[in-house]
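Undergrad: So here's data10.cif, just mmCIF, C-alpha atoms:
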```
data_final
loop_
_atom_site.label_atom_id
_atom_site.label_comp_id
_atom_site.auth_asym_id
_atom_site.auth_seq_id
_atom_site.Cartn_x
_atom_site.Cartn_y
_atom_site.Cartn_z
CA MET A 24 0.00 0.00 0.00
CA HIS A 25 2.76 2.40 0.93
CA ARG A 26 4.47 1.82 -2.39
CA PHE A 27 1.50 3.41 -4.17
CA ALA A 28 1.12 6.18 -1.63
CA ASN A 29 4.06 8.14 -2.98
CA PRO A 30 2.95 11.31 -4.84
CA ALA A 31 5.38 10.85 -7.75
CA ARG A 32 4.28 7.24 -8.18
CA PHE A 33 0.65 8.29 -7.91
CA MET A 34 1.15 10.85 -10.68
CA ARG A 35 2.60 8.19 -12.99
CA LEU A 36 -0.01 5.57 -12.10
CA SER A 37 -3.02 7.91 -12.31
CA GLU A 38 -1.89 9.25 -15.68
CA ARG A 39 -2.18 5.73 -17.07
CA LEU A 40 -5.36 4.75 -15.20
CA LEU A 41 -7.33 7.94 -15.82
CA PRO A 42 -8.30 7.35 -19.49
CA TRP A 43 -9.34 3.77 -18.68
CA CYS A 44 -11.49 4.84 -15.76
CA ALA A 45 -13.13 7.58 -17.81
CA ALA A 46 -13.81 5.23 -20.74
CA LEU A 47 -15.22 2.50 -18.49
CA ALA A 48 -17.40 5.09 -16.73
CA ALA A 49 -18.79 6.31 -20.07
CA LEU A 50 -19.44 2.74 -21.23
CA THR A 51 -21.09 1.46 -18.04
CA LEU A 52 -23.16 4.62 -17.59
CA ALA A 53 -24.40 4.38 -21.20
CA VAL A 54 -25.34 0.70 -20.83
CA GLY A 55 -26.83 1.35 -17.39
CA LEU A 56 -28.94 4.26 -18.66
CA TRP A 57 -30.19 2.20 -21.56
CA GLY A 58 -31.22 -0.55 -19.14
CA ALA A 59 -32.71 1.90 -16.66
CA LEU A 60 -34.81 3.83 -19.17
CA PHE A 61 -35.65 1.22 -21.82
CA THR A 62 -35.28 -2.43 -20.87
CA ALA A 63 -36.26 -2.35 -17.17
CA PRO A 64 -40.01 -2.88 -16.80
CA PRO A 65 -42.24 -0.45 -14.90
CA ASP A 66 -42.87 -1.56 -11.32
CA TYR A 67 -46.23 -3.25 -10.70
CA GLN A 68 -46.98 -0.84 -7.87
CA GLN A 69 -44.87 2.22 -8.63
CA GLY A 70 -45.23 2.29 -12.40
CA GLU A 71 -42.58 4.32 -14.25
CA ALA A 72 -41.65 6.29 -11.12
CA VAL A 73 -39.44 3.35 -10.14
CA ARG A 74 -36.89 4.56 -12.71
CA ILE A 75 -35.79 7.19 -10.20
CA MET A 76 -34.23 4.28 -8.31
CA PHE A 77 -31.48 3.92 -10.94
CA VAL A 78 -29.98 7.29 -10.02
CA HIS A 79 -31.13 7.51 -6.39
CA VAL A 80 -29.67 4.22 -5.16
CA PRO A 81 -26.21 4.51 -6.81
CA ALA A 82 -25.99 8.10 -5.52
CA ALA A 83 -26.85 6.87 -2.01
CA TRP A 84 -24.25 4.09 -2.16
CA MET A 85 -21.61 6.50 -3.40
CA ALA A 86 -22.51 9.03 -0.69
CA SER A 87 -21.70 6.46 2.02
CA PHE A 88 -18.76 4.90 0.18
CA THR A 89 -17.09 8.27 -0.39
CA TYR A 90 -17.42 9.09 3.29
CA PHE A 91 -15.92 5.73 4.24
CA LEU A 92 -13.00 6.39 1.89
CA MET A 93 -12.56 9.88 3.34
CA ALA A 94 -12.54 8.54 6.90
CA VAL A 95 -9.98 5.82 6.07
CA ALA A 96 -7.76 8.36 4.31
CA SER A 97 -8.10 10.67 7.32
CA ALA A 98 -7.04 7.87 9.68
CA VAL A 99 -4.00 7.15 7.49
CA ALA A 100 -3.19 10.87 7.43
CA LEU A 101 -3.44 11.19 11.22
CA ILE A 102 -1.49 8.03 12.03
CA TRP A 103 1.22 7.99 9.36
CA ARG A 104 1.19 11.68 8.40
CA HIS A 105 1.04 10.68 4.79
CA PRO A 106 0.63 13.71 2.50
CA LEU A 107 -1.25 11.77 -0.18
CA ALA A 108 -3.89 10.64 2.34
CA ASP A 109 -4.83 14.23 3.21
CA ILE A 110 -5.00 15.04 -0.49
CA ALA A 111 -7.26 12.03 -1.12
CA ALA A 112 -9.64 12.94 1.71
CA GLN A 113 -9.88 16.59 0.70
CA SER A 114 -10.32 15.73 -2.99
CA ALA A 115 -13.11 13.27 -2.20
CA ALA A 116 -15.15 15.53 0.10
CA PRO A 117 -16.92 17.77 -2.48
CA LEU A 118 -17.68 14.71 -4.63
CA GLY A 119 -19.27 12.99 -1.65
CA ALA A 120 -21.30 16.11 -0.92
CA GLY A 121 -22.48 16.07 -4.56
CA PHE A 122 -23.57 12.43 -4.35
CA THR A 123 -25.37 13.07 -1.06
CA LEU A 124 -27.20 16.07 -2.48
CA LEU A 125 -28.21 14.03 -5.53
CA CYS A 126 -29.43 11.22 -3.25
CA LEU A 127 -31.50 13.61 -1.12
CA VAL A 128 -33.14 15.46 -4.02
CA THR A 129 -33.90 12.36 -6.10
CA GLY A 130 -35.26 10.72 -2.95
CA SER A 131 -37.54 13.70 -2.46
CA LEU A 132 -38.69 13.48 -6.09
CA TRP A 133 -39.44 9.80 -5.52
CA GLY A 134 -41.10 10.32 -2.14
CA GLU A 135 -43.67 12.85 -3.31
CA PRO A 136 -45.51 10.55 -5.76
CA MET A 137 -44.98 7.32 -3.74
CA TRP A 138 -45.30 8.41 -0.10
CA GLY A 139 -47.27 11.58 -0.68
CA THR A 140 -44.59 13.77 0.88
CA TRP A 141 -41.31 15.35 -0.19
CA TRP A 142 -39.71 14.89 3.20
CA VAL A 143 -40.18 13.21 6.59
CA TRP A 144 -37.92 13.61 9.59
CA ASP A 145 -37.40 9.91 10.02
CA ALA A 146 -34.14 8.16 10.82
CA ARG A 147 -33.01 7.32 7.26
CA LEU A 148 -33.66 10.71 5.72
CA THR A 149 -32.34 12.64 8.70
CA SER A 150 -29.13 10.59 8.97
CA VAL A 151 -28.42 11.15 5.25
CA LEU A 152 -29.02 14.88 5.75
CA VAL A 153 -26.51 14.73 8.63
CA LEU A 154 -24.07 13.05 6.22
CA PHE A 155 -24.45 16.01 3.86
CA PHE A 156 -23.74 18.44 6.70
CA LEU A 157 -20.69 16.37 7.71
CA TYR A 158 -19.28 16.82 4.21
CA VAL A 159 -20.00 20.54 4.21
CA GLY A 160 -18.61 20.92 7.74
CA TYR A 161 -15.46 19.02 6.79
CA ILE A 162 -14.84 21.25 3.75
CA ALA A 163 -15.45 24.41 5.80
CA LEU A 164 -13.21 23.23 8.65
CA VAL A 165 -10.30 22.26 6.38
CA ASN A 166 -10.37 25.72 4.79
CA ALA A 167 -10.87 27.63 8.06
CA PHE A 168 -7.19 27.62 9.05
CA ASP A 169 -4.40 29.80 7.65
CA ASP A 170 -2.06 26.85 8.10
CA PRO A 171 -3.19 24.09 5.71
CA THR A 172 -1.61 21.34 7.87
CA ARG A 173 -3.70 22.35 10.89
CA GLY A 174 -6.81 22.53 8.70
CA ALA A 175 -6.11 19.06 7.37
CA ARG A 176 -5.68 17.63 10.89
CA ALA A 177 -8.86 19.24 12.22
CA GLY A 178 -10.78 17.97 9.17
CA ALA A 179 -9.37 14.46 9.60
CA VAL A 180 -10.56 14.32 13.21
CA LEU A 181 -14.05 15.46 12.17
CA ALA A 182 -14.15 12.87 9.36
CA LEU A 183 -13.24 10.11 11.83
CA VAL A 184 -15.80 11.19 14.43
CA GLY A 185 -18.48 11.39 11.75
CA ILE A 186 -18.01 7.76 10.70
CA VAL A 187 -20.47 6.72 13.47
CA ASN A 188 -23.13 8.07 11.12
CA LEU A 189 -22.48 5.37 8.47
CA PRO A 190 -23.90 2.37 10.40
CA ILE A 191 -26.76 4.58 11.53
CA ILE A 192 -27.61 5.27 7.88
CA LYS A 193 -27.28 1.61 6.90
CA PHE A 194 -29.35 0.16 9.75
CA SER A 195 -31.75 3.07 10.30
CA VAL A 196 -34.39 1.27 8.21
CA ASP A 197 -34.21 -1.77 10.51
CA TRP A 198 -33.88 0.00 13.87
CA TRP A 199 -36.64 2.58 13.54
CA ASN A 200 -40.01 2.93 11.91
CA THR A 201 -39.62 4.74 8.62
CA LEU A 202 -41.33 5.36 5.32
CA HIS A 203 -38.13 4.26 3.63
CA GLN A 204 -38.02 0.67 2.42
CA PRO A 205 -35.51 -1.73 4.01
CA ALA A 206 -32.45 -2.99 2.14
CA SER A 207 -33.32 -4.99 -0.97
CA VAL A 208 -29.91 -5.52 -2.58
CA PHE A 209 -27.21 -5.91 0.11
CA ARG A 210 -29.10 -8.14 2.53
CA LEU A 211 -28.75 -11.64 4.00
CA GLY A 212 -30.44 -14.09 1.68
CA GLY A 213 -29.64 -12.15 -1.47
CA PRO A 214 -31.35 -9.35 -3.36
CA THR A 215 -35.13 -9.23 -3.59
CA ILE A 216 -35.18 -7.19 -6.79
CA ASP A 217 -35.94 -8.92 -10.08
CA SER A 218 -32.89 -9.32 -12.30
CA SER A 219 -34.46 -7.17 -15.04
CA MET A 220 -34.17 -4.23 -12.61
CA LEU A 221 -31.11 -5.43 -10.74
CA TRP A 222 -28.66 -5.46 -13.65
CA PRO A 223 -29.32 -1.84 -14.74
CA LEU A 224 -29.07 -0.80 -11.08
CA LEU A 225 -25.73 -2.53 -10.55
CA THR A 226 -24.41 -1.30 -13.91
CA MET A 227 -25.31 2.28 -12.99
CA ALA A 228 -23.62 1.78 -9.61
CA VAL A 229 -20.43 0.53 -11.29
CA GLY A 230 -20.62 3.50 -13.67
CA PHE A 231 -20.92 5.92 -10.75
CA MET A 232 -17.93 4.22 -9.15
CA PHE A 233 -15.68 4.50 -12.23
CA TYR A 234 -16.77 8.09 -12.74
CA PHE A 235 -15.99 8.90 -9.12
CA ALA A 236 -12.56 7.25 -9.45
CA ALA A 237 -11.78 9.28 -12.58
CA VAL A 238 -12.86 12.62 -11.08
CA LEU A 239 -11.07 11.84 -7.81
CA MET A 240 -7.84 11.17 -9.70
CA VAL A 241 -8.17 14.46 -11.60
CA ARG A 242 -8.71 16.32 -8.33
CA MET A 243 -5.80 14.59 -6.59
CA ARG A 244 -3.50 15.36 -9.52
CA THR A 245 -4.60 18.99 -9.32
CA ALA A 246 -3.80 19.10 -5.60
CA ILE A 247 -0.37 17.51 -6.11
CA LEU A 248 0.48 19.98 -8.90
CA ASN A 249 -0.63 22.79 -6.61
CA ALA A 250 1.60 21.53 -3.80
CA ARG A 251 4.57 21.24 -6.18
CA LEU A 252 3.95 24.75 -7.44
CA ARG A 253 3.93 26.16 -3.91
CA ALA A 254 7.09 24.24 -3.06
CA ALA A 255 8.81 25.61 -6.16
CA ARG A 256 7.78 29.17 -5.26
CA LEU A 257 9.08 28.68 -1.71
CA GLY A 258 12.30 27.27 -3.09
CA GLU A 259 12.78 30.36 -5.25
CA ALA A 260 12.03 32.65 -2.33
CA ASP A 261 14.59 30.79 -0.24
CA ALA A 262 17.18 31.07 -3.00
CA LEU A 263 16.54 34.82 -3.30
CA ASN A 264 16.79 35.23 0.47
CA ALA A 265 20.01 33.29 0.56
CA ALA A 266 21.42 35.45 -2.24
CA ALA A 267 20.39 38.60 -0.41
CA MET A 268 21.90 37.39 2.84
CA GLY A 269 25.07 36.45 1.00
CA SER A 270 25.50 39.99 -0.34
CA PHE A 271 25.47 41.36 3.23
CA SER A 272 28.11 39.05 4.66
CA MET B 14 -43.29 9.93 -32.57
CA ASP B 15 -45.93 8.05 -30.61
CA PHE B 16 -43.23 6.07 -28.87
CA ALA B 17 -41.37 9.27 -28.02
CA THR B 18 -44.40 10.96 -26.44
CA HIS B 19 -45.25 7.79 -24.58
CA PHE B 20 -41.67 7.47 -23.38
CA LEU B 21 -41.40 11.11 -22.30
CA ALA B 22 -44.69 10.92 -20.41
CA MET B 23 -43.21 8.24 -18.10
CA GLY B 24 -46.66 6.91 -17.27
CA GLY B 25 -47.67 10.24 -15.78
CA TYR B 26 -44.55 10.53 -13.60
CA ALA B 27 -42.59 12.70 -16.04
CA ARG B 28 -42.37 15.63 -13.62
CA TYR B 29 -40.64 13.42 -11.06
CA VAL B 30 -38.53 11.13 -13.24
CA TRP B 31 -36.97 13.68 -15.61
CA PRO B 32 -35.91 16.21 -12.96
CA ALA B 33 -34.21 13.31 -11.13
CA TYR B 34 -32.24 12.32 -14.24
CA GLY B 35 -31.60 15.96 -15.13
CA LEU B 36 -30.15 16.65 -11.72
CA ALA B 37 -27.98 13.54 -11.95
CA VAL B 38 -26.51 14.83 -15.24
CA LEU B 39 -26.06 18.28 -13.71
CA VAL B 40 -24.36 17.07 -10.51
CA LEU B 41 -22.12 14.43 -12.11
CA GLY B 42 -21.33 16.58 -15.15
CA GLY B 43 -20.74 19.58 -12.93
CA MET B 44 -18.24 17.85 -10.67
CA GLY B 45 -16.33 16.43 -13.64
CA LEU B 46 -16.21 19.72 -15.53
CA TRP B 47 -15.23 21.69 -12.42
CA ALA B 48 -12.43 19.22 -11.59
CA TRP B 49 -11.14 19.19 -15.17
CA ARG B 50 -11.09 22.99 -15.47
CA GLN B 51 -9.16 23.34 -12.21
CA TYR B 52 -6.74 20.69 -13.40
CA ARG B 53 -6.07 22.45 -16.70
CA ARG B 54 -5.61 25.80 -14.92
CA GLN B 55 -3.09 24.22 -12.56
CA GLN B 56 -1.23 22.65 -15.49
CA ARG B 57 -1.06 26.00 -17.34
CA GLN B 58 0.16 27.74 -14.19
CA TRP B 59 2.84 25.12 -13.69
CA ALA B 60 4.00 25.42 -17.30
CA ALA B 61 4.02 29.23 -17.19
CA GLU B 62 6.10 29.38 -14.01
CA ALA B 63 8.42 26.62 -15.15
CA GLN B 64 9.45 28.85 -18.06
CA MET B 65 10.27 31.75 -15.77
CA ARG B 66 12.11 29.56 -13.29
CA PRO B 67 15.88 29.57 -13.86
CA ARG B 68 17.08 26.11 -14.68
CA ARG B 69 18.63 24.33 -11.74
CA ARG B 70 22.30 23.52 -11.93
CA GLN B 71 22.85 19.78 -12.07
#
```
As C-alpha cells, what does this structure read like?
TA:
Amino acid sequence: MHRFANPARFMRLSERLLPWCAALAALTLAVGLWGALFTAPPDYQQGEAVRIMFVHVPAAWMASFTYFLMAVASAVALIWRHPLADIAAQSAAPLGAGFTLLCLVTGSLWGEPMWGTWWVWDARLTSVLVLFFLYVGYIALVNAFDDPTRGARAGAVLALVGIVNLPIIKFSVDWWNTLHQPASVFRLGGPTIDSSMLWPLLTMAVGFMFYFAAVLMVRMRTAILNARLRAARLGEADALNAAAMGSFS
Amino acid sequence: MDFATHFLAMGGYARYVWPAYGLAVLVLGGMGLWAWRQYRRQQRQWAAEAQMRPRRRQ
C-alpha cells in the first residue's frame, strides 16, 4: 500500500489509469442508462416512477462509500502523516457532498408521488441529511485555518468522528419505523429485486464508481500539482533570500 | 413519434422522473467539468512558471 502512496508514483499511475477509468465510466453509464430507461419494466406498484431508483440508489451508495474512503484516508493521514492521504480525503469531500445532495433530491422526487410527501424527519432521511452536513462541515473546517496542515488535521478528526453516522444510515431502516423501504440488494439471503431491474441498477452503480474514481484522480492530480507549485515558489524565495543574505556578509 | 411521447410521459410521472435524471446529469457533469477545469488551470500555471524559473544547476 505504501508503495503506491508516494505522490510521484501516484502521478505516474493515475496518468495511465485515468483514461481507462473515464472510458469504463462512459461505457457502463451508457449501458446502465439504456437498461434503466428502456429495458427495465415499470414496477407493478410504482409504475414508471421506479426509474428514479437507478440514479437515487447509486448516488446513495456513493454518498456512504465516499465518506468511508474519506474517513480511512483521514485515519492514514493522522497516524502515518502521509501527504497523499490528506489530499485524497480533501479531494473526495466535495464529490461525496455532490452524491449526497443528488441522493436527497432524487429521494424527495421519488417520495412525493410514492409516499405523498417530499420529506419526513425519520431516521433514514435525517441521517443522510446529517451526512451532507458532515461533508459541508469538513470542507469548511479544512479551509478555516491559515495553516493548511492544521486545517487538514482538524478535518481528519471530524471525518473520523463522523463515521459513526455510516452504520446509523445503513441500519436506520431496521432500527426505527420509517417510510423508507428496508435494504433490498445488500441483505442476508440475497437481493429481492428482479434481475431485469437489478442489472441496470448494478451497472449504474459501477458507472458511478468508475466516474468517481476518474474525477477523484483528476482532483488529486490537481492538488499535487498545486503543492509542487507552492514548493517551487518557496524554493525560489529561499534562494533569493540566501542570495540577499550572501551579499550582506 | 408516438413512442417518443409515450416514453417522455413516463406513465404520468414525467415531472418526477426527468428532474431526477436531469439533476444527476447536472451534478455528475458539474463535478467532472469543475475538476477538469481546475486541473487544466493548474497545469497551465505550472507550465508558465516553469518557463520563468531559472534552470537548476545539475
Undergrad: Convert the output of the PyMOL selection byres ((chain A) within 6 of (chain B)) on the shown file into explicit residues, formatted as a list in words.
TA: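 So the PyMOL selection byres ((chain A) within 6 of (chain B)) ends up selecting Glu71, Ala72, Ile75, Thr129, Leu132, Val238, Arg242 and Thr245 of chain A.
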Undergrad: Taking the file as shown, find all residues satisfying the PyMOL selection byres ((chain A and resi 156) around 12) and write them as a list in words.
TA: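 That selection, the PyMOL selection byres ((chain A and resi 156) around 12), comes back as Tyr90, Ala116, Pro117, Gly119, Ala120, Gly121, Thr123, Leu124, Thr149, Ser150, Val151, Leu152, Val153, Leu154, Phe155, Leu157, Tyr158, Val159, Gly160, Tyr161, Ile162, Ala163, Leu164, Leu181, Ala182, Gly185 and Asn188 of chain A.
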Undergrad: Record the distance separating CA of Ile102 in chain A and CA of Ala177 in chain A, expressed in Å with one decimal.
TA: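 Between these atoms lies a distance of 13.4 Å.
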Undergrad: Name the residues that the PyMOL selection byres ((chain A and resi 193-203) around 10) picks from the file above, as number ranges by chain, using the file's chain letters and numbers.
TA: A: 84, 87, 130, 134, 137-138, 142-151, 188-192, 204-206
Undergrad: Selected residues, C-alpha atoms, written as a PDB file, in the coordinates of the input, please.
TA:
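Output saved as selection_15.pdb:
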```pdb
ATOM      1  CA  TRP A  84     -24.250   4.090  -2.160  1.00  0.00           C
ATOM      2  CA  SER A  87     -21.700   6.460   2.020  1.00  0.00           C
ATOM      3  CA  GLY A 130     -35.260  10.720  -2.950  1.00  0.00           C
ATOM      4  CA  GLY A 134     -41.100  10.320  -2.140  1.00  0.00           C
ATOM      5  CA  MET A 137     -44.980   7.320  -3.740  1.00  0.00           C
ATOM      6  CA  TRP A 138     -45.300   8.410  -0.100  1.00  0.00           C
ATOM      7  CA  TRP A 142     -39.710  14.890   3.200  1.00  0.00           C
ATOM      8  CA  VAL A 143     -40.180  13.210   6.590  1.00  0.00           C
ATOM      9  CA  TRP A 144     -37.920  13.610   9.590  1.00  0.00           C
ATOM     10  CA  ASP A 145     -37.400   9.910  10.020  1.00  0.00           C
ATOM     11  CA  ALA A 146     -34.140   8.160  10.820  1.00  0.00           C
ATOM     12  CA  ARG A 147     -33.010   7.320   7.260  1.00  0.00           C
ATOM     13  CA  LEU A 148     -33.660  10.710   5.720  1.00  0.00           C
ATOM     14  CA  THR A 149     -32.340  12.640   8.700  1.00  0.00           C
ATOM     15  CA  SER A 150     -29.130  10.590   8.970  1.00  0.00           C
ATOM     16  CA  VAL A 151     -28.420  11.150   5.250  1.00  0.00           C
ATOM     17  CA  ASN A 188     -23.130   8.070  11.120  1.00  0.00           C
ATOM     18  CA  LEU A 189     -22.480   5.370   8.470  1.00  0.00           C
ATOM     19  CA  PRO A 190     -23.900   2.370  10.400  1.00  0.00           C
ATOM     20  CA  ILE A 191     -26.760   4.580  11.530  1.00  0.00           C
ATOM     21  CA  ILE A 192     -27.610   5.270   7.880  1.00  0.00           C
ATOM     22  CA  GLN A 204     -38.020   0.670   2.420  1.00  0.00           C
ATOM     23  CA  PRO A 205     -35.510  -1.730   4.010  1.00  0.00           C
ATOM     24  CA  ALA A 206     -32.450  -2.990   2.140  1.00  0.00           C
TER      25      ALA A 206
END
```
Undergrad: Show me, as a PyMOL selection string, the residues that have an atom within 6 Å of range 210-224 of chain A when counting only C-alpha atoms, minus same-chain residues fewer than 6 positions from it.
TA: chain A and resi 55+58-59+63+77
Undergrad: Please measure the separation of CA of Val241 in chain A and CA of Leu40 in chain A, giving the value in Å to one decimal.
TA: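 Straight-line distance from CA of Val241 in chain A to CA of Leu40 in chain A works out to 10.7 Å.
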Undergrad: Go ahead and compute the interatomic distance for CA of Leu125 in chain A and CA of Trp43 in chain A, in Å to one decimal.
TA: 25.2 Å
Undergrad: Output, as lines of an AutoDock Vina configuration file, the centre and edge lengths in Å (one decimal) of the axis-aligned box that contains all listed atoms of range 36-39 of chain B with 5 Å of margin on each side.
TA:
```
center_x = -28.1
center_y = 15.9
center_z = -13.5
size_x = 14.1
size_y = 14.7
size_z = 13.5
```
Undergrad: So, with all atoms listed in the file as the atoms that count, which of A:Met76, A:Ala228, A:Leu127, A:Ile110 lies closest to Gly174 in chain A?
TA: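 Of the candidates, the smallest distance to Gly174 in chain A is held by A:Ile110.
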Undergrad: Just checking: using all atoms listed in the file, which residue out of A:Met227, A:Ala115, A:Val165, A:Leu257 ends up closest to Val180 in chain A?
TA: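 For Val180 in chain A, the nearest of the candidates is A:Val165.
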Undergrad: My list of candidates is A:Leu248, A:Ala262, A:Val208, A:Leu92. Which is closest to Ile186 in chain A when distances are computed with only C-alpha atoms?
TA: A:Leu92
Undergrad: Excluding Pro42 in chain A and residues on its chain fewer than 5 positions from it, collect all residues at most 12 Å away from it, counting only C-alpha atoms, and give them as a list in words.
TA: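 Skipping anything fewer than 5 positions along the chain leaves Leu36, Ser37, Leu47, Ala48, Ala49, Phe233, Tyr234, Ala236, Ala237, Val238, Met240 and Val241 of chain A.
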